[in-house]
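The file my_file_0.cif contains mmCIF, C-alpha atoms and all ligand atoms:
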```cif
data_structure
loop_
_atom_site.label_atom_id
_atom_site.label_comp_id
_atom_site.auth_asym_id
_atom_site.auth_seq_id
_atom_site.Cartn_x
_atom_site.Cartn_y
_atom_site.Cartn_z
CA MET A 1 -27.89 7.97 46.43
CA HIS A 2 -31.19 8.60 44.70
CA PRO A 3 -30.76 7.90 40.96
CA PHE A 4 -31.91 11.47 40.14
CA VAL A 5 -29.37 13.01 42.51
CA ARG A 6 -26.65 10.82 40.96
CA LEU A 7 -27.74 11.96 37.50
CA LEU A 8 -27.70 15.61 38.57
CA ALA A 9 -24.23 15.22 40.13
CA GLY A 10 -22.96 13.58 36.94
CA PHE A 11 -24.40 16.42 34.86
CA LEU A 12 -22.72 19.02 37.05
CA VAL A 13 -19.32 17.31 36.89
CA CYS A 14 -19.41 16.51 33.17
CA VAL A 15 -21.12 19.55 31.70
CA VAL A 16 -21.23 22.53 34.04
CA LEU A 17 -17.84 22.29 35.75
CA PRO A 18 -15.61 22.08 32.65
CA ARG A 19 -17.43 25.10 31.20
CA THR A 20 -16.83 27.10 34.37
CA VAL A 21 -13.14 26.19 34.36
CA ALA A 22 -12.87 26.93 30.63
CA ALA A 23 -14.50 30.31 31.13
CA ALA A 24 -11.98 31.22 33.82
CA THR A 25 -8.99 30.30 31.66
CA PRO A 26 -8.17 32.80 28.91
CA PRO A 27 -7.38 31.20 25.56
CA LEU A 28 -3.76 30.80 24.68
CA ILE A 29 -1.69 31.89 21.72
CA THR A 30 0.29 28.79 20.81
CA PRO A 31 3.20 29.58 18.47
CA GLY A 32 3.41 27.22 15.50
CA ALA A 33 -0.02 25.66 16.12
CA GLU A 34 -2.95 25.88 13.76
CA TRP A 35 -4.77 29.10 14.68
CA ARG A 36 -8.50 29.35 14.03
CA ASP A 37 -10.75 32.40 13.75
CA THR A 38 -14.01 32.90 15.64
CA GLN A 39 -15.86 30.85 13.00
CA GLY A 40 -13.46 27.93 13.34
CA HIS A 41 -11.60 28.51 10.07
CA VAL A 42 -7.83 28.50 9.93
CA ILE A 43 -6.48 32.07 9.98
CA GLU A 44 -4.95 33.06 6.64
CA ALA A 45 -2.96 36.24 7.26
CA HIS A 46 0.65 35.58 6.32
CA GLY A 47 3.39 38.21 6.04
CA GLY A 48 0.98 40.43 7.89
CA GLY A 49 0.70 43.61 9.85
CA ILE A 50 -1.66 45.01 12.47
CA LEU A 51 -3.33 48.39 12.82
CA GLN A 52 -5.13 49.48 15.97
CA VAL A 53 -8.16 51.73 15.64
CA GLY A 54 -9.83 52.64 18.92
CA ARG A 55 -10.04 49.48 21.02
CA THR A 56 -9.88 47.15 18.03
CA TRP A 57 -6.89 45.59 16.33
CA TYR A 58 -7.08 44.74 12.63
CA TRP A 59 -4.77 42.06 11.28
CA PHE A 60 -4.06 42.10 7.53
CA GLY A 61 -2.16 39.37 5.74
CA GLU A 62 -1.78 37.23 2.65
CA ASP A 63 -4.61 34.76 2.18
CA ARG A 64 -2.94 31.77 0.50
CA ASN A 65 -5.98 29.49 0.52
CA PRO A 66 -5.63 27.28 -2.61
CA SER A 67 -9.41 27.21 -3.08
CA LEU A 68 -9.41 30.92 -4.02
CA ASP A 69 -9.31 32.17 -7.62
CA PRO A 70 -5.71 31.44 -8.72
CA GLU A 71 -5.69 34.50 -11.00
CA LYS A 72 -6.24 36.86 -8.06
CA ARG A 73 -4.26 37.76 -4.97
CA TYR A 74 -6.06 38.24 -1.66
CA VAL A 75 -5.43 40.23 1.49
CA SER A 76 -7.55 39.07 4.40
CA CYS A 77 -8.63 41.17 7.35
CA TYR A 78 -9.38 39.94 10.87
CA SER A 79 -10.37 42.02 13.88
CA SER A 80 -9.99 41.49 17.60
CA ARG A 81 -10.52 43.35 20.86
CA ASP A 82 -8.33 41.07 22.94
CA LEU A 83 -5.65 39.80 20.49
CA LEU A 84 -6.81 36.25 21.30
CA HIS A 85 -10.07 35.90 19.35
CA TRP A 86 -9.92 36.97 15.70
CA LYS A 87 -12.99 37.50 13.57
CA PHE A 88 -12.70 37.22 9.80
CA ARG A 89 -13.82 40.52 8.23
CA GLY A 90 -13.50 39.44 4.63
CA HIS A 91 -10.98 40.13 1.92
CA ALA A 92 -9.82 43.72 2.20
CA LEU A 93 -8.23 43.33 -1.22
CA ALA A 94 -8.99 40.84 -3.99
CA LEU A 95 -6.87 41.94 -6.91
CA SER A 96 -6.43 40.73 -10.47
CA ASP A 97 -3.01 41.15 -12.04
CA PRO A 98 -2.88 44.97 -12.13
CA GLU A 99 0.13 45.47 -14.41
CA HIS A 100 0.49 42.47 -16.75
CA LEU A 101 2.91 40.78 -14.41
CA GLY A 102 2.07 37.37 -15.82
CA PRO A 103 1.54 33.92 -14.34
CA HIS A 104 2.47 33.45 -10.69
CA TRP A 105 2.59 37.19 -10.09
CA VAL A 106 3.29 38.15 -6.50
CA LEU A 107 1.49 40.26 -3.91
CA GLU A 108 3.02 39.99 -0.45
CA ARG A 109 3.35 41.53 3.01
CA PRO A 110 0.34 43.89 3.12
CA LYS A 111 0.53 46.75 5.62
CA VAL A 112 -2.27 49.23 6.30
CA TYR A 113 -1.86 52.84 7.47
CA TYR A 114 -4.43 55.44 8.47
CA SER A 115 -4.19 59.01 7.23
CA LYS A 116 -5.54 61.57 9.69
CA SER A 117 -5.42 64.22 6.99
CA THR A 118 -7.64 62.38 4.49
CA HIS A 119 -9.48 59.96 6.85
CA GLN A 120 -8.56 57.19 4.42
CA PHE A 121 -6.86 53.86 4.96
CA VAL A 122 -3.91 53.11 2.70
CA MET A 123 -2.53 49.65 2.04
CA TYR A 124 1.05 49.01 0.88
CA VAL A 125 2.03 45.66 -0.61
CA HIS A 126 5.07 44.19 -2.31
CA LEU A 127 4.13 43.74 -5.96
CA ASP A 128 6.22 41.53 -8.20
CA ASP A 129 6.40 39.13 -11.10
CA ALA A 130 7.17 35.44 -10.70
CA ARG A 131 10.93 36.08 -10.84
CA TYR A 132 10.85 38.90 -8.28
CA LYS A 133 12.34 41.30 -10.84
CA TYR A 134 9.59 43.95 -10.85
CA ALA A 135 10.42 44.86 -7.23
CA ARG A 136 7.84 47.56 -6.55
CA VAL A 137 5.34 48.60 -3.93
CA ALA A 138 1.68 48.97 -4.78
CA VAL A 139 -0.70 51.29 -2.99
CA ALA A 140 -4.43 50.75 -2.51
CA ARG A 141 -6.93 52.91 -0.65
CA SER A 142 -10.25 52.57 1.15
CA ALA A 143 -12.52 54.80 3.23
CA ARG A 144 -13.26 51.79 5.47
CA ILE A 145 -10.58 49.88 7.29
CA THR A 146 -11.95 46.50 6.24
CA GLY A 147 -12.03 47.56 2.59
CA PRO A 148 -12.59 46.98 -0.22
CA TYR A 149 -9.28 48.65 -1.07
CA LEU A 150 -8.95 50.13 -4.53
CA PHE A 151 -5.62 49.64 -6.31
CA LEU A 152 -4.14 53.06 -7.15
CA ARG A 153 -0.65 52.57 -8.57
CA SER A 154 2.69 50.89 -8.15
CA PHE A 155 6.12 52.48 -7.92
CA ARG A 156 9.68 52.01 -6.74
CA PRO A 157 10.10 53.98 -3.51
CA LEU A 158 13.01 56.43 -3.73
CA ASP A 159 13.49 55.02 -7.24
CA SER A 160 14.93 51.89 -5.65
CA GLU A 161 14.09 48.24 -6.06
CA SER A 162 11.79 47.25 -3.23
CA ARG A 163 10.95 43.71 -2.15
CA ASP A 164 9.94 42.83 1.44
CA ILE A 165 8.24 45.77 3.11
CA GLY A 166 7.63 46.58 6.75
CA GLN A 167 5.59 49.18 8.59
CA PHE A 168 6.32 51.52 11.46
CA VAL A 169 4.19 54.27 13.01
CA ASP A 170 5.96 56.24 15.71
CA ASP A 171 4.37 57.53 18.92
CA ASP A 172 4.18 61.01 17.34
CA GLY A 173 1.99 59.63 14.52
CA GLN A 174 4.67 59.79 11.79
CA ALA A 175 4.43 56.77 9.51
CA TYR A 176 7.31 54.95 7.85
CA LEU A 177 7.81 52.31 5.21
CA ILE A 178 10.68 49.88 5.57
CA PHE A 179 11.84 48.27 2.34
CA GLU A 180 14.62 45.98 1.32
CA SER A 181 16.66 47.13 -1.66
CA ARG A 182 19.04 44.56 -3.04
CA PRO A 183 21.26 46.74 -5.24
CA SER A 184 21.89 49.04 -2.27
CA GLY A 185 22.68 46.03 -0.09
CA GLY A 186 20.47 47.12 2.75
CA PHE A 187 17.15 48.38 3.83
CA TYR A 188 15.58 51.78 3.96
CA VAL A 189 13.33 53.46 6.47
CA ALA A 190 11.46 56.24 4.68
CA ARG A 191 8.73 58.57 5.88
CA LEU A 192 5.30 58.50 4.25
CA SER A 193 3.50 61.67 3.20
CA PRO A 194 0.60 62.81 5.45
CA ASP A 195 -1.89 61.28 2.98
CA ARG A 196 0.22 58.09 3.14
CA LEU A 197 0.18 57.81 -0.64
CA SER A 198 3.84 58.52 -1.30
CA VAL A 199 7.27 57.92 0.15
CA GLU A 200 9.23 61.04 1.06
CA SER A 201 12.80 61.56 -0.06
CA PRO A 202 15.46 61.30 1.28
CA ALA A 203 15.31 58.17 3.42
CA ILE A 204 15.30 58.70 7.17
CA ALA A 205 17.67 55.78 7.65
CA PHE A 206 19.57 53.29 5.57
CA LEU A 207 20.64 50.13 7.34
CA ASP A 208 23.70 48.81 5.66
CA ALA A 209 22.83 45.11 5.91
CA PRO A 210 21.12 42.91 3.34
CA LEU A 211 18.04 42.06 5.39
CA GLU A 212 14.36 41.52 4.69
CA GLY A 213 11.25 40.89 6.78
CA GLY A 214 11.92 44.34 8.23
CA ALA A 215 10.12 45.39 11.42
CA LEU A 216 10.68 48.37 13.68
CA PHE A 217 9.46 49.68 17.01
CA HIS A 218 10.09 52.45 19.50
CA TYR A 219 10.20 51.43 23.15
CA GLN A 220 11.26 53.48 26.16
CA GLY A 221 13.34 55.94 24.21
CA MET A 222 15.09 53.40 21.99
CA TYR A 223 14.44 52.29 18.41
CA TYR A 224 14.74 48.61 17.51
CA VAL A 225 14.88 47.30 13.98
CA LEU A 226 14.51 43.59 13.16
CA GLY A 227 15.12 41.64 10.00
CA SER A 228 16.01 38.29 8.50
CA HIS A 229 18.72 37.27 6.07
CA LEU A 230 17.97 36.70 2.39
CA THR A 231 17.22 32.99 2.34
CA GLY A 232 13.78 33.02 0.73
CA TRP A 233 11.26 30.86 2.57
CA ARG A 234 13.98 29.13 4.59
CA PRO A 235 14.34 30.41 8.14
CA ASN A 236 17.60 31.92 9.34
CA PRO A 237 18.89 33.67 12.46
CA ASN A 238 16.90 36.92 12.51
CA VAL A 239 18.79 39.91 13.86
CA TYR A 240 18.20 43.32 15.44
CA ALA A 241 19.93 46.64 15.86
CA THR A 242 19.18 49.58 18.15
CA ALA A 243 19.50 53.35 17.94
CA PRO A 244 18.60 56.30 20.17
CA ASN A 245 17.11 58.04 17.11
CA LEU A 246 15.54 56.74 13.94
CA THR A 247 18.29 58.47 11.98
CA GLY A 248 20.89 56.53 13.97
CA PRO A 249 23.58 55.87 14.82
CA TRP A 250 22.46 52.23 14.59
CA SER A 251 24.31 49.54 16.52
CA THR A 252 25.71 46.46 14.86
CA PHE A 253 23.24 43.59 14.34
CA ARG A 254 22.81 40.82 16.90
CA LYS A 255 20.66 37.68 16.90
CA ILE A 256 17.16 37.96 18.35
CA ALA A 257 17.16 34.31 19.40
CA PRO A 258 20.76 33.21 20.07
CA ALA A 259 19.49 29.84 21.36
CA SER A 260 17.99 28.94 17.99
CA PRO A 261 19.96 28.82 14.73
CA ASP A 262 16.81 29.49 12.69
CA THR A 263 14.71 31.76 14.96
CA TYR A 264 12.54 28.76 15.93
CA GLY A 265 11.65 28.34 12.25
CA ALA A 266 10.15 31.83 11.91
CA GLN A 267 10.78 34.97 9.88
CA SER A 268 9.95 38.44 11.18
CA THR A 269 7.06 40.34 9.66
CA PHE A 270 5.95 42.87 12.28
CA THR A 271 6.28 44.03 15.86
CA LEU A 272 3.15 45.04 17.75
CA LYS A 273 3.44 47.40 20.71
CA ILE A 274 0.62 47.11 23.24
CA THR A 275 0.44 50.05 25.62
CA GLY A 276 -1.75 48.80 28.44
CA THR A 277 -2.83 50.27 31.76
CA LYS A 278 -0.22 48.23 33.66
CA ALA A 279 2.54 47.49 31.15
CA THR A 280 3.79 48.04 27.65
CA THR A 281 4.48 44.85 25.75
CA VAL A 282 6.06 44.36 22.35
CA ILE A 283 4.99 41.23 20.49
CA PHE A 284 7.12 39.64 17.77
CA LEU A 285 5.01 38.51 14.82
CA GLY A 286 6.74 35.95 12.65
CA ASP A 287 5.80 33.55 9.87
CA ILE A 288 6.74 29.89 9.95
CA TRP A 289 6.58 29.40 6.19
CA ASN A 290 5.63 26.14 4.56
CA PRO A 291 6.73 26.67 0.93
CA LYS A 292 5.15 23.36 -0.16
CA SER A 293 1.78 24.54 1.09
CA LEU A 294 1.92 28.26 1.82
CA SER A 295 -1.61 28.30 3.20
CA ASP A 296 -0.41 25.96 5.94
CA SER A 297 2.29 28.38 7.03
CA ARG A 298 2.00 29.06 10.75
CA TYR A 299 2.50 32.04 13.04
CA LEU A 300 5.04 32.60 15.77
CA TRP A 301 3.82 35.35 18.06
CA MET A 302 5.76 35.85 21.28
CA PRO A 303 6.26 38.80 23.63
CA LEU A 304 9.83 40.07 23.35
CA THR A 305 12.07 40.48 26.38
CA ILE A 306 13.62 43.93 26.18
CA SER A 307 16.14 45.56 28.46
CA GLY A 308 18.00 48.68 27.39
CA ASP A 309 19.65 47.92 24.09
CA HIS A 310 19.13 44.16 24.50
CA LEU A 311 16.26 42.30 22.92
CA LEU A 312 15.42 38.61 23.10
CA LEU A 313 12.85 36.42 21.41
CA PRO A 314 12.24 33.81 24.13
CA GLU A 315 11.72 30.15 23.38
CA PRO A 316 8.16 29.84 22.03
CA GLN A 317 5.60 28.63 24.54
CA PRO A 318 1.84 28.99 24.79
CA TRP A 319 1.02 32.35 26.36
CA THR A 320 -1.80 34.77 26.88
CA ILE A 321 -2.32 38.48 27.19
CA ASN A 322 -4.62 40.83 28.98
CA ALA A 323 -4.67 43.37 26.16
CA SER A 324 -6.18 46.24 28.17
CA GLN A 325 -3.55 45.89 30.90
CA GLY A 326 -0.72 45.01 28.50
CA LEU A 327 0.27 42.09 30.74
CA THR A 328 1.33 38.74 29.30
CA ARG A 329 1.82 35.38 30.97
CA ILE A 330 3.26 32.18 29.64
CA ALA A 331 0.89 29.28 30.17
CA ALA A 332 2.93 27.58 32.86
CA GLN A 333 2.30 30.56 35.12
CA PRO A 334 -1.00 31.85 36.52
CA VAL A 335 -2.77 33.85 33.82
CA PRO A 336 -4.50 37.18 34.46
CA PRO A 337 -8.27 37.12 34.20
CA ALA A 338 -9.67 37.94 30.78
CA ARG A 339 -11.37 41.33 30.54
C1 LIG A 401 11.22 35.63 1.49
C2 LIG A 401 10.29 36.80 1.73
C3 LIG A 401 8.88 36.34 1.48
C4 LIG A 401 8.82 35.81 0.05
C5 LIG A 401 9.86 34.72 -0.14
C6 LIG A 401 9.87 34.19 -1.56
O1 LIG A 401 12.53 35.99 1.71
O2 LIG A 401 10.45 37.30 3.02
O3 LIG A 401 8.00 37.40 1.70
O4 LIG A 401 9.08 36.85 -0.84
O5 LIG A 401 11.13 35.20 0.18
O6 LIG A 401 10.96 33.32 -1.74
#
```
Let me see the structure of the file written as structure tokens.
Amino acid sequence: MHPFVRLLAGFLVCVVLPRTVAAATPPLITPGAEWRDTQGHVIEAHGGGILQVGRTWYWFGEDRNPSLDPEKRYVSCYSSRDLLHWKFRGHALALSDPEHLGPHWVLERPKVYYSKSTHQFVMYVHLDDARYKYARVAVARSARITGPYLFLRSFRPLDSESRDIGQFVDDDGQAYLIFESRPSGGFYVARLSPDRLSVESPAIAFLDAPLEGGALFHYQGMYYVLGSHLTGWRPNPNVYATAPNLTGPWSTFRKIAPASPDTYGAQSTFTLKITGTKATTVIFLGDIWNPKSLSDSRYLWMPLTISGDHLLLPEPQPWTINASQGLTRIAAQPVPPAR
């Protein structure tokens, strides 16, 4: 073979072919692995939640990067059109201790809502002191989804202690806050006002189980609530209950991952429903906490298997999604073409 032809063949095999193959294979979501944003930085969005606006999803979470100002608490924002590639959009919130909470004050589990009536975005967070005794929510607001969000106030929803919070927006647009209240021994689901700035009384539901990491979704006529037991950063068997209506009656709680005593090391933070052109998929979003280095906590995202009043978090495996179709595939199977 002519040396030039050999060189050209080598170039095609080594450079062009792998790129073609890579382009045809959608990227994977690999639970528990380091997950990088579109700039190659590790994604910092722990205890997070996701809001869809138009064709874009916005992921908000705790940024625990130790190189940030230790006096402040940060909520990061990432955006994506395919749920696979996430672009860092900056810190939606960078807050100094707003209420003299003292050293090691706590801002956790940010969740962002949109108010149709005011065209504003409203962020709820769990606000606390180092001993978790303050037990309040804080509310911040912005005209732009990516922020900057302006701290407005903190309060105890329904005059109750509130620690872990969760977010739920129903198909009819009604928005709810889920919050764990230790003295009541359970967690509340309460409706937010149309401007999203306050929590309406009375609660829509009270789940009589001491659970945190609350998440909720509505799927094919059934409501599903998820939560974890009160073991701090340590994982435990997360559970779920179902009800035909948000007000109940709620079933007893069952494990979401009976095959794993600790939910594969993860704690629930959110459930994301993707209504695609071909299927509706609900994704479990969990945190695999690393209390020794919180910034190195990982994410466990997996599509849930749901059938009637049964729900299962399958064993984590790399998977992908065609977000416009709503179809997911685990990596071992043929994957649908990316959009
Ligand atoms: C967990 C909670 C986390 C954080 C942690 C602190 O139970 O879900 O958000 O508050 O406790 O120990």
Practice task
Using all atoms listed in the file, give me every residue within 6 Å of (0.9, 43.9, 34.7) in file coordinates, as a VMD selection string.
Solution key: chain A and resid 278 to 279 327
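In this model, the gap between CA of Tyr149 (chain A) and CA of Tyr114 (chain A) comes to 12.7 Å.
Take the candidates A:Leu51, A:Arg182, A:Ser307, A:Ser193 and check each one against Ser117 (chain A) using all atoms listed in the file; the shortest distance goes to A:Ser193.
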The residue from A:Trp250, A:Phe168, A:Tyr264, A:Trp233 with the smallest atom-to-atom distance to Trp289 (chain A), counting only C-alpha atoms, is A:Trp233
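Comparing A:Pro316, A:Pro157, A:Pro98, A:Gly221 by their smallest distance to Pro202 (chain A), the closest is A:Pro157 (using only C-alpha atoms).
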message: Set the distance at 10 Å and use only C-alpha atoms: which residues neighbour Pro70 (chain A) once local chain neighbours fewer than 3 positions away are removed? I'd like the list as a PyMOL selection string.
response: chain A and resi 64-67+73-74+96+103-104
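Considering all atoms listed in the file, the residue among A:Gln174, A:Ser297, A:Ser181, A:Thr269 positioned nearest to Arg136 (chain A) is A:Ser181.
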Taken to one decimal, the CA of Glu62 (chain A)-atom O2 of ligand LIG 401 (chain A) distance is 12.2 Å
Missing atoms in region 273-294 of chain A need filling: write out N, CA and C atoms for it as a PDB file, in the coordinates of the input.
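This went into selection-v1.pdb:
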```pdb
ATOM      1  N   LYS A 273       3.277  46.838  19.357  1.00  0.00           N
ATOM      2  CA  LYS A 273       3.440  47.400  20.710  1.00  0.00           C
ATOM      3  C   LYS A 273       2.068  47.582  21.341  1.00  0.00           C
ATOM      4  N   ILE A 274       1.883  46.996  22.508  1.00  0.00           N
ATOM      5  CA  ILE A 274       0.620  47.110  23.240  1.00  0.00           C
ATOM      6  C   ILE A 274       0.887  47.986  24.467  1.00  0.00           C
ATOM      7  N   THR A 275       0.273  49.157  24.478  1.00  0.00           N
ATOM      8  CA  THR A 275       0.440  50.050  25.620  1.00  0.00           C
ATOM      9  C   THR A 275      -0.783  49.874  26.508  1.00  0.00           C
ATOM     10  N   GLY A 276      -0.627  49.100  27.564  1.00  0.00           N
ATOM     11  CA  GLY A 276      -1.750  48.800  28.440  1.00  0.00           C
ATOM     12  C   GLY A 276      -1.753  49.683  29.675  1.00  0.00           C
ATOM     13  N   THR A 277      -2.731  49.454  30.549  1.00  0.00           N
ATOM     14  CA  THR A 277      -2.830  50.270  31.760  1.00  0.00           C
ATOM     15  C   THR A 277      -1.753  49.893  32.773  1.00  0.00           C
ATOM     16  N   LYS A 278      -1.216  48.673  32.669  1.00  0.00           N
ATOM     17  CA  LYS A 278      -0.220  48.230  33.660  1.00  0.00           C
ATOM     18  C   LYS A 278       1.171  48.010  33.058  1.00  0.00           C
ATOM     19  N   ALA A 279       1.239  47.772  31.765  1.00  0.00           N
ATOM     20  CA  ALA A 279       2.540  47.490  31.150  1.00  0.00           C
ATOM     21  C   ALA A 279       2.487  47.743  29.653  1.00  0.00           C
ATOM     22  N   THR A 280       3.665  47.948  29.101  1.00  0.00           N
ATOM     23  CA  THR A 280       3.790  48.040  27.650  1.00  0.00           C
ATOM     24  C   THR A 280       4.532  46.794  27.185  1.00  0.00           C
ATOM     25  N   THR A 281       3.927  46.113  26.238  1.00  0.00           N
ATOM     26  CA  THR A 281       4.480  44.850  25.750  1.00  0.00           C
ATOM     27  C   THR A 281       4.714  44.954  24.261  1.00  0.00           C
ATOM     28  N   VAL A 282       5.822  44.411  23.789  1.00  0.00           N
ATOM     29  CA  VAL A 282       6.060  44.360  22.350  1.00  0.00           C
ATOM     30  C   VAL A 282       6.016  42.892  21.923  1.00  0.00           C
ATOM     31  N   ILE A 283       5.156  42.608  20.957  1.00  0.00           N
ATOM     32  CA  ILE A 283       4.990  41.230  20.490  1.00  0.00           C
ATOM     33  C   ILE A 283       5.691  41.073  19.140  1.00  0.00           C
ATOM     34  N   PHE A 284       6.482  40.012  19.035  1.00  0.00           N
ATOM     35  CA  PHE A 284       7.120  39.640  17.770  1.00  0.00           C
ATOM     36  C   PHE A 284       6.110  38.830  16.965  1.00  0.00           C
ATOM     37  N   LEU A 285       5.883  39.257  15.723  1.00  0.00           N
ATOM     38  CA  LEU A 285       5.010  38.510  14.820  1.00  0.00           C
ATOM     39  C   LEU A 285       5.880  37.919  13.725  1.00  0.00           C
ATOM     40  N   GLY A 286       5.922  36.600  13.666  1.00  0.00           N
ATOM     41  CA  GLY A 286       6.740  35.950  12.650  1.00  0.00           C
ATOM     42  C   GLY A 286       5.926  34.929  11.871  1.00  0.00           C
ATOM     43  N   ASP A 287       6.433  34.589  10.692  1.00  0.00           N
ATOM     44  CA  ASP A 287       5.800  33.550   9.870  1.00  0.00           C
ATOM     45  C   ASP A 287       6.673  32.316   9.880  1.00  0.00           C
ATOM     46  N   ILE A 288       6.044  31.172  10.121  1.00  0.00           N
ATOM     47  CA  ILE A 288       6.740  29.890   9.950  1.00  0.00           C
ATOM     48  C   ILE A 288       6.257  29.376   8.594  1.00  0.00           C
ATOM     49  N   TRP A 289       7.039  29.672   7.554  1.00  0.00           N
ATOM     50  CA  TRP A 289       6.580  29.400   6.190  1.00  0.00           C
ATOM     51  C   TRP A 289       6.607  27.909   5.886  1.00  0.00           C
ATOM     52  N   ASN A 290       5.637  27.497   5.097  1.00  0.00           N
ATOM     53  CA  ASN A 290       5.630  26.140   4.560  1.00  0.00           C
ATOM     54  C   ASN A 290       5.562  26.294   3.038  1.00  0.00           C
ATOM     55  N   PRO A 291       6.732  26.359   2.375  1.00  0.00           N
ATOM     56  CA  PRO A 291       6.730  26.670   0.930  1.00  0.00           C
ATOM     57  C   PRO A 291       5.991  25.635   0.097  1.00  0.00           C
ATOM     58  N   LYS A 292       5.872  24.391   0.607  1.00  0.00           N
ATOM     59  CA  LYS A 292       5.150  23.360  -0.160  1.00  0.00           C
ATOM     60  C   LYS A 292       3.647  23.593  -0.094  1.00  0.00           C
ATOM     61  N   SER A 293       3.203  24.259   0.931  1.00  0.00           N
ATOM     62  CA  SER A 293       1.780  24.540   1.090  1.00  0.00           C
ATOM     63  C   SER A 293       1.680  25.863   1.868  1.00  0.00           C
ATOM     64  N   LEU A 294       1.796  26.966   1.138  1.00  0.00           N
ATOM     65  CA  LEU A 294       1.920  28.260   1.820  1.00  0.00           C
ATOM     66  C   LEU A 294       0.743  28.569   2.732  1.00  0.00           C
TER      67      LEU A 294
END
```
